[in-house]
file target-v2.tsv (TSV, C-alpha atoms)
chain	number	residue	atom	x	y	z
A	253	SER	CA	38.43	64.11	-19.43
A	254	ALA	CA	37.90	62.79	-22.95
A	255	VAL	CA	39.94	60.11	-24.67
A	256	LEU	CA	40.35	61.02	-28.36
A	257	SER	CA	40.93	58.57	-31.18
A	258	ALA	CA	43.46	61.04	-32.70
A	259	SER	CA	45.31	64.12	-31.47
A	260	SER	CA	44.37	66.12	-34.61
A	261	ALA	CA	42.08	65.97	-37.64
A	262	THR	CA	42.06	67.62	-41.08
A	263	THR	CA	38.90	69.07	-42.49
A	264	ASN	CA	37.45	67.58	-45.62
A	265	GLY	CA	36.12	69.47	-48.61
A	266	ALA	CA	33.01	70.42	-46.68
A	267	GLY	CA	35.13	71.81	-43.84
A	268	VAL	CA	34.26	68.97	-41.44
A	269	ALA	CA	36.83	67.21	-39.26
A	270	SER	CA	35.87	64.06	-37.34
A	271	VAL	CA	37.45	62.66	-34.16
A	272	THR	CA	35.76	60.06	-31.93
A	273	ALA	CA	35.92	60.40	-28.15
A	274	THR	CA	34.85	58.70	-24.94
A	275	ALA	CA	34.49	60.91	-21.87
A	276	ASN	CA	35.34	59.42	-18.48
A	277	ALA	CA	34.56	55.95	-19.86
A	278	THR	CA	30.90	56.80	-19.28
A	279	ALA	CA	28.13	56.94	-21.82
A	280	GLY	CA	26.19	60.18	-22.23
A	281	ALA	CA	26.11	63.55	-23.98
A	282	TYR	CA	29.04	65.98	-23.69
A	283	VAL	CA	29.91	69.44	-25.05
A	284	VAL	CA	33.51	69.89	-26.28
A	285	THR	CA	35.05	73.25	-27.18
A	286	ALA	CA	37.92	73.43	-29.74
A	287	SER	CA	40.06	76.51	-30.47
A	288	SER	CA	43.13	77.48	-32.48
A	289	ALA	CA	45.03	80.69	-33.15
A	290	GLY	CA	43.24	82.73	-35.79
A	291	MET	CA	40.01	80.73	-35.43
A	292	THR	CA	36.77	81.43	-33.64
A	293	ASP	CA	35.91	78.97	-30.85
A	294	ALA	CA	33.74	76.16	-32.13
A	295	SER	CA	31.30	74.25	-29.91
A	296	PHE	CA	29.81	70.92	-30.84
A	297	ALA	CA	27.97	68.07	-29.14
A	298	LEU	CA	29.53	64.64	-28.70
A	299	THR	CA	26.97	61.94	-27.91
A	300	ASN	CA	27.67	58.36	-26.92
A	301	GLY	CA	24.26	56.99	-27.79
A	302	ARG	CA	22.62	54.64	-25.23
A	303	ASP	CA	19.02	53.53	-24.96
A	304	SER	CA	17.82	55.35	-21.84
A	305	VAL	CA	14.53	53.46	-21.79
A	306	ALA	CA	16.38	50.12	-21.79
A	307	ASP	CA	18.84	51.33	-19.13
A	308	ILE	CA	16.01	52.42	-16.82
A	309	ALA	CA	14.17	49.11	-17.31
A	310	GLU	CA	17.32	47.08	-16.62
A	311	THR	CA	18.09	49.09	-13.47
A	312	HIS	CA	14.52	48.58	-12.29
A	313	ARG	CA	14.84	44.83	-12.90
A	314	VAL	CA	18.11	44.44	-10.99
A	315	ILE	CA	16.80	46.43	-8.01
A	316	ARG	CA	13.51	44.53	-7.97
A	317	ASN	CA	15.22	41.14	-7.98
A	318	PHE	CA	17.58	42.24	-5.21
A	319	ILE	CA	14.80	43.52	-2.93
A	320	ALA	CA	12.52	40.52	-3.67
A	321	GLY	CA	15.24	38.02	-2.77
A	322	ARG	CA	16.04	39.91	0.41
A	323	ALA	CA	12.36	40.05	1.39
A	324	ASP	CA	12.06	36.27	1.01
A	325	ARG	CA	15.09	35.69	3.25
A	326	LEU	CA	13.80	38.07	5.94
A	327	THR	CA	10.33	36.51	6.13
A	328	SER	CA	11.77	32.97	6.11
A	329	ALA	CA	14.09	33.75	9.05
A	330	GLU	CA	11.41	35.03	11.44
A	331	PRO	CA	12.28	34.15	15.09
A	332	ASP	CA	10.26	31.81	17.31
A	333	LEU	CA	8.31	34.23	19.49
A	334	ALA	CA	6.01	31.67	21.11
A	335	GLY	CA	9.09	30.13	22.73
A	336	ARG	CA	9.73	33.42	24.50
A	337	LEU	CA	6.61	32.79	26.62
A	338	THR	CA	6.99	29.03	27.14
A	339	GLY	CA	10.67	29.21	28.08
A	340	ASN	CA	12.34	27.67	25.04
A	341	GLY	CA	12.97	30.77	22.91
A	342	GLY	CA	16.00	33.01	22.69
A	343	SER	CA	18.52	30.52	24.10
A	344	GLN	CA	17.00	30.81	27.57
A	345	GLY	CA	18.40	27.42	28.61
A	346	ASN	CA	21.98	28.16	27.53
A	347	PRO	CA	24.17	31.27	27.85
A	348	PHE	CA	25.25	30.95	24.24
A	349	GLY	CA	24.35	28.68	21.34
A	350	PHE	CA	26.22	28.34	18.05
A	351	ALA	CA	25.61	26.27	14.91
A	352	ALA	CA	27.54	25.99	11.66
A	353	LEU	CA	27.46	23.90	8.50
A	354	GLY	CA	29.58	24.39	5.39
A	355	THR	CA	30.32	22.91	1.99
A	356	GLN	CA	32.62	23.96	-0.83
A	357	ASN	CA	30.11	26.54	-2.08
A	358	ASN	CA	27.94	27.27	0.98
A	359	ILE	CA	28.49	28.39	4.57
A	360	ASN	CA	25.73	28.79	7.17
A	361	MET	CA	26.29	29.97	10.74
A	362	SER	CA	23.95	31.04	13.53
A	363	PHE	CA	24.08	31.98	17.21
A	364	SER	CA	21.70	32.80	20.06
A	365	THR	CA	22.03	34.12	23.59
A	366	SER	CA	19.94	35.72	26.34
A	367	LEU	CA	20.32	37.44	29.67
A	368	ARG	CA	18.13	34.80	31.32
A	369	GLY	CA	20.33	32.03	29.93
A	370	ILE	CA	23.49	33.69	31.22
A	371	THR	CA	21.93	34.24	34.64
A	372	ALA	CA	20.72	30.65	34.84
A	373	TYR	CA	24.18	29.23	34.14
A	374	SER	CA	25.76	31.51	36.74
A	375	ARG	CA	23.93	29.68	39.53
A	376	THR	CA	25.63	27.05	41.62
A	377	GLU	CA	23.24	24.35	40.41
A	378	PRO	CA	23.15	24.24	36.60
A	379	PRO	CA	19.60	24.39	35.25
A	380	VAL	CA	18.13	21.94	32.81
A	381	ASN	CA	18.89	22.74	29.17
A	382	LEU	CA	15.38	23.74	28.12
A	383	GLU	CA	16.20	24.39	24.50
A	384	ALA	CA	17.76	21.00	23.76
A	385	ALA	CA	16.43	18.62	26.42
A	386	ASN	CA	12.83	19.74	26.20
A	387	LEU	CA	12.51	20.54	22.50
A	388	SER	CA	9.44	18.31	22.31
A	389	ALA	CA	7.58	20.65	24.66
A	390	THR	CA	8.63	23.89	22.99
A	391	LEU	CA	5.10	25.21	22.65
A	392	ARG	CA	3.47	23.71	25.72
A	393	GLY	CA	1.82	26.21	28.04
A	394	SER	CA	2.94	24.51	31.27
A	395	PHE	CA	6.13	22.59	31.97
A	396	ALA	CA	5.36	21.65	35.56
A	397	ALA	CA	4.35	18.12	34.57
A	398	GLU	CA	7.63	17.50	32.76
A	399	SER	CA	10.13	15.85	35.06
A	400	GLY	CA	13.11	18.06	35.79
A	401	VAL	CA	11.85	20.98	33.68
A	402	VAL	CA	11.76	24.43	35.26
A	403	GLU	CA	8.59	26.51	34.95
A	404	PRO	CA	9.37	29.69	32.94
A	405	ARG	CA	9.81	32.68	35.20
A	406	THR	CA	8.14	36.03	34.95
A	407	GLY	CA	10.25	39.13	34.55
A	408	PHE	CA	12.52	41.02	32.17
A	409	ASP	CA	14.85	39.45	29.61
A	410	VAL	CA	17.14	40.61	26.80
A	411	TRP	CA	18.02	38.25	23.97
A	412	ALA	CA	19.79	38.14	20.64
A	413	LYS	CA	20.14	35.76	17.74
A	414	GLY	CA	21.80	36.02	14.35
A	415	ARG	CA	22.70	34.13	11.23
A	416	TYR	CA	25.09	34.41	8.30
A	417	ALA	CA	24.88	32.66	4.93
A	418	GLN	CA	27.38	32.61	2.07
A	419	VAL	CA	26.71	31.08	-1.35
A	420	ARG	CA	29.26	30.72	-4.15
A	421	ASN	CA	29.18	29.20	-7.62
A	422	ASP	CA	31.06	29.79	-10.88
A	423	THR	CA	29.49	33.17	-11.66
A	424	ARG	CA	27.38	34.28	-8.69
A	425	ARG	CA	28.26	35.27	-5.13
A	426	SER	CA	25.94	36.10	-2.27
A	427	ASP	CA	26.52	37.05	1.38
A	428	ALA	CA	23.69	37.73	3.82
A	429	GLY	CA	23.67	38.46	7.53
A	430	LEU	CA	20.75	38.98	9.93
A	431	LEU	CA	20.81	40.06	13.58
A	432	TYR	CA	17.83	40.17	15.97
A	433	MET	CA	17.96	41.93	19.36
A	434	GLY	CA	14.92	41.89	21.63
A	435	ALA	CA	13.80	42.90	25.11
A	436	ASP	CA	10.60	41.62	26.70
A	437	TYR	CA	8.70	41.27	29.95
A	438	ARG	CA	6.78	38.12	30.85
A	439	PHE	CA	3.84	39.26	33.00
A	440	SER	CA	2.67	35.70	33.62
A	441	SER	CA	2.69	32.28	32.02
A	442	ASP	CA	-0.06	33.59	29.73
A	443	LEU	CA	1.26	36.96	28.49
A	444	LEU	CA	4.53	38.49	27.26
A	445	LEU	CA	5.19	41.87	25.62
A	446	GLY	CA	8.43	42.97	23.98
A	447	LEU	CA	10.31	45.21	21.57
A	448	LEU	CA	12.35	43.70	18.73
A	449	GLY	CA	14.96	45.30	16.48
A	450	GLN	CA	16.70	43.70	13.53
A	451	LEU	CA	19.67	44.56	11.30
A	452	ASP	CA	20.26	42.89	7.93
A	453	TRP	CA	23.14	43.06	5.45
A	454	THR	CA	23.14	41.67	1.89
A	455	ASP	CA	25.81	41.67	-0.84
A	456	GLU	CA	25.22	40.05	-4.25
A	457	HIS	CA	27.34	39.80	-7.43
A	458	ASP	CA	26.47	38.27	-10.80
A	459	ASP	CA	29.56	38.02	-13.00
A	460	THR	CA	27.60	36.63	-15.94
A	461	VAL	CA	25.84	39.95	-16.59
A	462	GLY	CA	28.25	42.15	-14.64
A	463	THR	CA	25.76	43.40	-12.03
A	464	SER	CA	25.96	43.78	-8.27
A	465	ALA	CA	23.85	45.09	-5.40
A	466	SER	CA	24.29	45.47	-1.66
A	467	GLY	CA	22.34	46.94	1.20
A	468	LEU	CA	22.16	47.56	4.93
A	469	GLY	CA	18.70	47.72	6.48
A	470	TRP	CA	16.92	47.76	9.81
A	471	MET	CA	13.46	47.39	11.33
A	472	VAL	CA	12.06	47.81	14.84
A	473	GLY	CA	8.69	47.22	16.45
A	474	PRO	CA	6.66	45.55	19.23
A	475	TYR	CA	5.67	41.92	19.66
A	476	VAL	CA	3.21	40.02	21.83
A	477	VAL	CA	2.79	36.39	22.86
A	478	ALA	CA	-0.43	35.31	24.57
A	479	LYS	CA	-1.81	31.96	25.68
A	480	LEU	CA	-5.44	32.01	24.55
A	481	THR	CA	-6.42	28.60	25.91
A	482	ASP	CA	-4.66	25.61	27.45
A	483	THR	CA	-3.85	24.34	23.96
A	484	LEU	CA	-3.60	27.52	21.84
A	485	ILE	CA	-0.92	30.25	21.71
A	486	PHE	CA	-0.96	33.44	19.63
A	487	ASP	CA	2.15	35.43	18.73
A	488	GLY	CA	2.42	38.49	16.55
A	489	ARG	CA	4.67	41.40	15.73
A	490	ALA	CA	4.84	44.56	13.63
A	491	ALA	CA	7.96	46.41	12.49
A	492	TRP	CA	8.99	49.42	10.41
A	493	GLY	CA	12.37	50.47	9.07
A	494	MET	CA	14.61	51.63	6.21
A	495	SER	CA	17.59	50.53	4.16
A	496	GLU	CA	20.52	52.13	2.33
A	497	ASN	CA	21.69	50.36	-0.82
A	498	GLU	CA	24.17	50.40	-3.70
A	499	VAL	CA	23.57	48.98	-7.18
A	500	ASP	CA	25.60	48.51	-10.35
A	501	ALA	CA	22.86	47.51	-12.78
A	502	LEU	CA	24.66	48.20	-16.10
A	503	GLY	CA	28.23	47.19	-15.28
A	504	LEU	CA	29.40	50.80	-15.67
A	505	PHE	CA	28.99	52.62	-12.34
A	506	THR	CA	27.52	52.33	-8.85
A	507	ASP	CA	24.54	54.36	-7.65
A	508	ASN	CA	22.90	54.70	-4.25
A	509	PHE	CA	19.20	54.29	-3.47
A	510	ASP	CA	17.10	54.17	-0.28
A	511	THR	CA	14.01	52.23	0.75
A	512	THR	CA	11.37	52.19	3.46
A	513	ARG	CA	9.89	48.90	4.66
A	514	TRP	CA	7.36	47.41	7.06
A	515	LEU	CA	6.27	43.96	8.22
A	516	ILE	CA	3.33	42.45	10.08
A	517	ARG	CA	2.97	38.83	11.19
A	518	GLY	CA	0.60	36.70	13.24
A	519	GLN	CA	0.66	33.01	14.17
A	520	LEU	CA	-1.58	30.56	16.00
A	521	THR	CA	-0.03	27.39	17.43
A	522	GLY	CA	-1.86	24.45	18.97
A	523	ASP	CA	-0.51	21.94	21.49
A	524	TYR	CA	-1.82	18.38	21.75
A	525	GLN	CA	-0.29	15.22	23.17
A	526	ILE	CA	-1.10	11.63	22.21
A	527	LYS	CA	0.88	9.31	24.47
A	528	TYR	CA	4.54	10.11	23.69
A	529	MET	CA	3.76	12.19	20.58
A	530	ILE	CA	3.46	15.98	20.71
A	531	ILE	CA	1.43	17.52	17.86
A	532	ASN	CA	1.70	21.27	17.25
A	533	PRO	CA	-0.48	22.42	14.35
A	534	PHE	CA	0.20	26.01	13.31
A	535	VAL	CA	-0.88	28.66	10.85
A	536	ARG	CA	1.14	31.83	10.14
A	537	LEU	CA	0.21	34.86	8.07
A	538	SER	CA	2.91	37.40	7.22
A	539	TYR	CA	3.13	40.47	4.98
A	540	PHE	CA	6.28	42.39	4.06
A	541	GLU	CA	6.47	45.53	1.91
A	542	GLU	CA	9.47	47.59	0.80
A	543	GLN	CA	9.39	50.75	-1.32
A	544	GLN	CA	12.40	51.84	-3.34
A	545	LYS	CA	12.59	55.62	-3.56
A	546	ALA	CA	13.11	57.34	-6.91
A	547	TYR	CA	16.60	58.64	-7.72
A	548	THR	CA	18.69	59.97	-10.61
A	549	ASP	CA	21.50	57.70	-11.79
A	550	THR	CA	24.98	58.67	-13.04
A	551	LEU	CA	23.71	58.98	-16.63
A	552	GLY	CA	21.05	61.48	-15.57
A	553	ASN	CA	18.21	58.97	-15.96
A	554	LEU	CA	15.36	59.20	-13.47
A	555	ILE	CA	14.89	55.76	-11.91
A	556	PRO	CA	11.26	55.77	-10.71
A	557	SER	CA	10.12	54.36	-7.38
A	558	GLN	CA	8.69	50.86	-7.08
A	559	THR	CA	7.04	48.81	-4.33
A	560	ILE	CA	7.85	45.15	-3.70
A	561	SER	CA	5.54	43.16	-1.43
A	562	LEU	CA	5.44	39.57	-0.20
A	563	ALA	CA	2.40	37.99	1.47
A	564	GLN	CA	2.65	34.41	2.69
A	565	LEU	CA	0.43	31.89	4.45
A	566	LYS	CA	2.26	28.98	6.10
A	567	PHE	CA	0.45	26.09	7.77
A	568	GLY	CA	0.99	22.53	8.90
A	569	PRO	CA	1.80	20.30	11.87
A	570	LYS	CA	4.98	19.89	13.87
A	571	LEU	CA	5.45	16.40	15.30
A	572	SER	CA	7.92	15.60	18.07
A	573	ALA	CA	8.62	13.03	20.74
A	574	ARG	CA	10.90	12.75	23.78
A	575	ILE	CA	12.69	9.50	24.51
A	576	THR	CA	14.66	9.13	27.74
A	577	ALA	CA	17.28	6.40	28.17
A	578	ALA	CA	18.12	4.67	31.45
A	579	ASP	CA	21.25	6.81	31.94
A	580	GLY	CA	19.25	10.03	31.56
A	581	THR	CA	20.18	10.75	27.95
A	582	THR	CA	17.25	12.19	26.01
A	583	VAL	CA	16.65	11.86	22.27
A	584	THR	CA	14.13	14.26	20.73
A	585	PRO	CA	13.27	13.71	17.06
A	586	HIS	CA	11.01	16.25	15.36
A	587	LEU	CA	9.38	16.64	11.95
A	588	THR	CA	7.50	19.59	10.45
A	589	ILE	CA	5.46	19.29	7.25
A	590	SER	CA	4.17	22.63	6.04
A	591	GLY	CA	2.34	24.11	3.12
A	592	ILE	CA	3.36	27.58	1.88
A	593	TRP	CA	1.06	29.80	-0.15
A	594	ASP	CA	2.65	32.91	-1.66
A	595	PHE	CA	-0.51	34.78	-2.60
A	596	ASP	CA	1.20	38.13	-3.17
A	597	GLN	CA	4.75	37.63	-4.38
A	598	PRO	CA	6.96	39.82	-6.59
A	599	LEU	CA	7.86	38.30	-9.95
A	600	GLN	CA	11.61	38.27	-10.51
A	601	THR	CA	12.83	38.62	-14.10
A	602	VAL	CA	15.94	37.50	-15.91
A	603	THR	CA	17.72	39.66	-18.49
A	604	GLN	CA	15.58	38.31	-21.33
A	605	GLY	CA	12.48	39.55	-19.51
A	606	VAL	CA	11.16	36.11	-18.51
A	607	ALA	CA	9.31	36.24	-15.20
A	608	ILE	CA	10.14	33.71	-12.51
A	609	GLY	CA	8.75	33.19	-9.02
A	610	ASN	CA	7.40	30.61	-6.65
A	611	GLY	CA	3.70	31.45	-6.75
A	612	GLY	CA	0.91	29.03	-5.82
A	613	ILE	CA	1.27	26.47	-3.05
A	614	ARG	CA	4.40	24.48	-2.37
A	615	GLY	CA	5.53	22.08	0.35
A	616	ARG	CA	8.40	22.23	2.82
A	617	VAL	CA	9.74	19.49	5.10
A	618	GLU	CA	11.92	20.16	8.15
A	619	GLY	CA	13.30	17.53	10.47
A	620	GLY	CA	16.01	16.79	12.95
A	621	VAL	CA	17.04	15.20	16.20
A	622	ALA	CA	18.40	16.62	19.47
A	623	ILE	CA	20.47	14.45	21.81
A	624	THR	CA	21.03	15.70	25.35
A	625	MET	CA	23.45	14.07	27.78
A	626	PRO	CA	22.77	13.80	31.55
A	627	HIS	CA	25.26	16.60	32.38
A	628	GLY	CA	23.79	19.06	29.88
A	629	GLN	CA	25.90	18.50	26.75
A	630	SER	CA	23.77	18.39	23.61
A	631	ILE	CA	24.03	17.76	19.88
A	632	ASN	CA	21.34	19.01	17.53
A	633	PHE	CA	21.07	18.27	13.80
A	634	GLU	CA	18.42	19.84	11.58
A	635	GLY	CA	17.72	19.80	7.84
A	636	PHE	CA	15.07	21.03	5.41
A	637	TYR	CA	13.85	20.67	1.83
A	638	ASP	CA	11.72	23.40	0.26
A	639	GLY	CA	9.97	23.36	-3.11
A	640	ILE	CA	7.80	20.24	-3.08
A	641	GLY	CA	5.28	20.55	-5.91
A	642	SER	CA	7.00	23.61	-7.42
A	643	THR	CA	8.83	23.67	-10.74
A	644	GLN	CA	10.44	27.06	-10.03
A	645	LEU	CA	11.95	26.57	-6.58
A	646	GLU	CA	14.22	24.03	-4.94
A	647	ALA	CA	16.10	24.75	-1.72
A	648	TYR	CA	17.66	22.55	0.90
A	649	GLY	CA	20.09	22.84	3.76
A	650	GLY	CA	20.96	21.82	7.29
A	651	SER	CA	22.81	22.70	10.45
A	652	LEU	CA	24.75	20.96	13.21
A	653	SER	CA	25.07	22.52	16.66
A	654	ILE	CA	26.90	21.41	19.81
A	655	SER	CA	26.13	22.86	23.24
A	656	MET	CA	28.40	22.53	26.29
A	657	PRO	CA	27.58	23.72	29.84
A	658	LEU	CA	29.94	26.32	31.29
A	659	HIS	CA	30.07	24.66	34.73
call {"tool": "encode", "arguments": {"input": "target-v2.tsv", "output": "structure tokens"}}
result
Amino acid sequence: SAVLSASSATTNGAGVASVTATANATAGAYVVTASSAGMTDASFALTNGRDSVADIAETHRVIRNFIAGRADRLTSAEPDLAGRLTGNGGSQGNPFGFAALGTQNNINMSFSTSLRGITAYSRTEPPVNLEAANLSATLRGSFAAESGVVEPRTGFDVWAKGRYAQVRNDTRRSDAGLLYMGADYRFSSDLLLGLLGQLDWTDEHDDTVGTSASGLGWMVGPYVVAKLTDTLIFDGRAAWGMSENEVDALGLFTDNFDTTRWLIRGQLTGDYQIKYMIINPFVRLSYFEEQQKAYTDTLGNLIPSQTISLAQLKFGPKLSARITAADGTTVTPHLTISGIWDFDQPLQTVTQGVAIGNGGIRGRVEGGVAITMPHGQSINFEGFYDGIGSTQLEAYGGSLSISMPLH
């Protein structure tokens, strides 16, 4: 339908009558036919002029920023696969773990569970809480020398972990969820093979410019963890998937677009002990790529395809210690200092066309402390600061988790 500025118009001396109109509140070109008794039908074109080139560029920008931000979150949230072999990954020491931390503008929640953890807690004698009480030995190849620590078993396991983050400020809103579900088989204390699937959901709104984007995506693929030497563990995985998305890039309408994506990652982790100090140097290389497929928007503009990739090298040491009190309470502080090199990162742009991005090398610090009581109760606090040495990135956060035995 067309909304007319007047119900009728009188021709001028040249026989021209003018009435303005907006069709369906949407910009574009329209053909309107007018008729009257005794007159021949008259056809004319009504055009609401928009800059198609600018609309296409703005749509491309909004989609690129959305996919780039999502890619960064996915690569930053990669699960600890080495712990699946050593016995500390996937909540194997507890049937269910939950952590939450919130402020006025931010909410972060996470959970983890595993079949092995549920089975362990169903026994008459409750097992030692590997994840909290033995955090200092997370990446050690053998736990037999640790007093009271159970050697990881061979066999089949199913595990899951997830997280949800919500960010609010005066003009921007963001919600993001991520779920991992894996199944693996530990052939020995030196080798584990598995299959991992993940589901992610993202919803973003920017009221300042009137844009929004959301998407639901998935990936699936194999992973491997292998103990190369007594002090060196390798873990790696590959995954492929797709996503379905919606975008309102111009503040006028919502369009749908699809993507394909893939990821590959490898990590080497060392394990050295100096008296009470555990030193775990690590280096991780990851690459993520997502291709937006071309589509035609509501205005009839062809939005071309584009590929967004993120390659990252992360390296540094993890330091931890395990202190046991006379009553059996253990305190496990840990600190990780890492360097992050984004050597292939998509540049995100603001509406004025200025490019922003992390780029180069930056530093990240993570630390925390886990306190485990003699009967298995535990409290774990962790925090991080990201962006050391960078003028374009600053991020920080934390979490607090409490674990209670079911017996």
call {"tool": "atom_distance", "arguments": {"input": "target-v2.tsv", "atom1": "atom CA of A:Ala578", "atom2": "atom CA of A:Ser653"}}
result
24.2 Å
call {"tool": "closest_residue", "arguments": {"input": "target-v2.tsv", "among": "A:Thr311, A:Thr355, A:Thr262, A:Gln450", "to": "A:Ser557", "atoms": "only C-alpha atoms"}}
result
A:Thr311
call {"tool": "closest_residue", "arguments": {"input": "target-v2.tsv", "among": "A:Leu652, A:Ile560, A:Ala465, A:Leu554", "to": "A:Asp500", "atoms": "only C-alpha atoms"}}
result
A:Ala465
call {"tool": "closest_residue", "arguments": {"input": "target-v2.tsv", "among": "A:Glu456, A:Glu541, A:Asp487, A:Asp482", "to": "A:Thr511", "atoms": "only C-alpha atoms"}}
result
A:Glu541
call {"tool": "residues_near_point", "arguments": {"input": "target-v2.tsv", "point": "(8.3, 55.7, -0.7)", "cutoff": "7 Å", "atoms": "only C-alpha atoms", "output": "list in words"}}
result
Thr511, Thr512, Gln543, Gln544 and Lys545 of chain A
call {"tool": "residues_near_point", "arguments": {"input": "target-v2.tsv", "point": "(16.3, 13.3, 22.9)", "cutoff": "10 Å", "atoms": "all atoms listed in the file", "output": "PyMOL selection string"}}
result
chain A and resi 384-388+572-577+580-586+621-625+630-632
call {"tool": "write_last_selection", "arguments": {"input": "target-v2.tsv", "atoms": "C-alpha atoms", "output": "compact mmCIF listing (two decimals), in the coordinates of the input"}}
result
# COMPACT_ATOMS: atom_id res chain seq x y z
CA ALA A 384 17.76 21.00 23.76
CA ALA A 385 16.43 18.62 26.42
CA ASN A 386 12.83 19.74 26.20
CA LEU A 387 12.51 20.54 22.50
CA SER A 388 9.44 18.31 22.31
CA SER A 572 7.92 15.60 18.07
CA ALA A 573 8.62 13.03 20.74
CA ARG A 574 10.90 12.75 23.78
CA ILE A 575 12.69 9.50 24.51
CA THR A 576 14.66 9.13 27.74
CA ALA A 577 17.28 6.40 28.17
CA GLY A 580 19.25 10.03 31.56
CA THR A 581 20.18 10.75 27.95
CA THR A 582 17.25 12.19 26.01
CA VAL A 583 16.65 11.86 22.27
CA THR A 584 14.13 14.26 20.73
CA PRO A 585 13.27 13.71 17.06
CA HIS A 586 11.01 16.25 15.36
CA VAL A 621 17.04 15.20 16.20
CA ALA A 622 18.40 16.62 19.47
CA ILE A 623 20.47 14.45 21.81
CA THR A 624 21.03 15.70 25.35
CA MET A 625 23.45 14.07 27.78
CA SER A 630 23.77 18.39 23.61
CA ILE A 631 24.03 17.76 19.88
CA ASN A 632 21.34 19.01 17.53
call {"tool": "residues_around", "arguments": {"input": "target-v2.tsv", "residues": "A:Asp442", "least_positions_apart": "5", "cutoff": "10 Å", "atoms": "only C-alpha atoms", "output": "list in words"}}
result
Leu337, Thr338, Gly393, Ser394, Val477, Ala478, Lys479, Leu480, Thr481, Asp482 and Ile485 of chain A
call {"tool": "residues_around", "arguments": {"input": "target-v2.tsv", "residues": "stretch 634-649 of chain A", "least_positions_apart": "2", "cutoff": "7 Å", "atoms": "only C-alpha atoms", "output": "list in words"}}
result
Gly609, Asn610, Arg614, Gly615, Arg616, Val617, Glu618, Gly619, Gly620, Val621, Asn632, Ser651 and Leu652 of chain A
call {"tool": "atom_distance", "arguments": {"input": "target-v2.tsv", "atom1": "atom CA of A:Gly446", "atom2": "atom CA of A:Arg336"}}
result
9.7 Å
call {"tool": "atom_distance", "arguments": {"input": "target-v2.tsv", "atom1": "atom CA of A:Trp492", "atom2": "atom CA of A:Arg536"}}
result
19.3 Å
call {"tool": "residues_around", "arguments": {"input": "target-v2.tsv", "residues": "stretch 433-436 of chain A", "least_positions_apart": "5", "cutoff": "6 Å", "atoms": "only C-alpha atoms", "output": "list in words"}}
result
Phe408, Asp409, Val410, Trp411, Ala412, Leu445, Gly446, Leu447, Leu448 and Gly449 of chain A
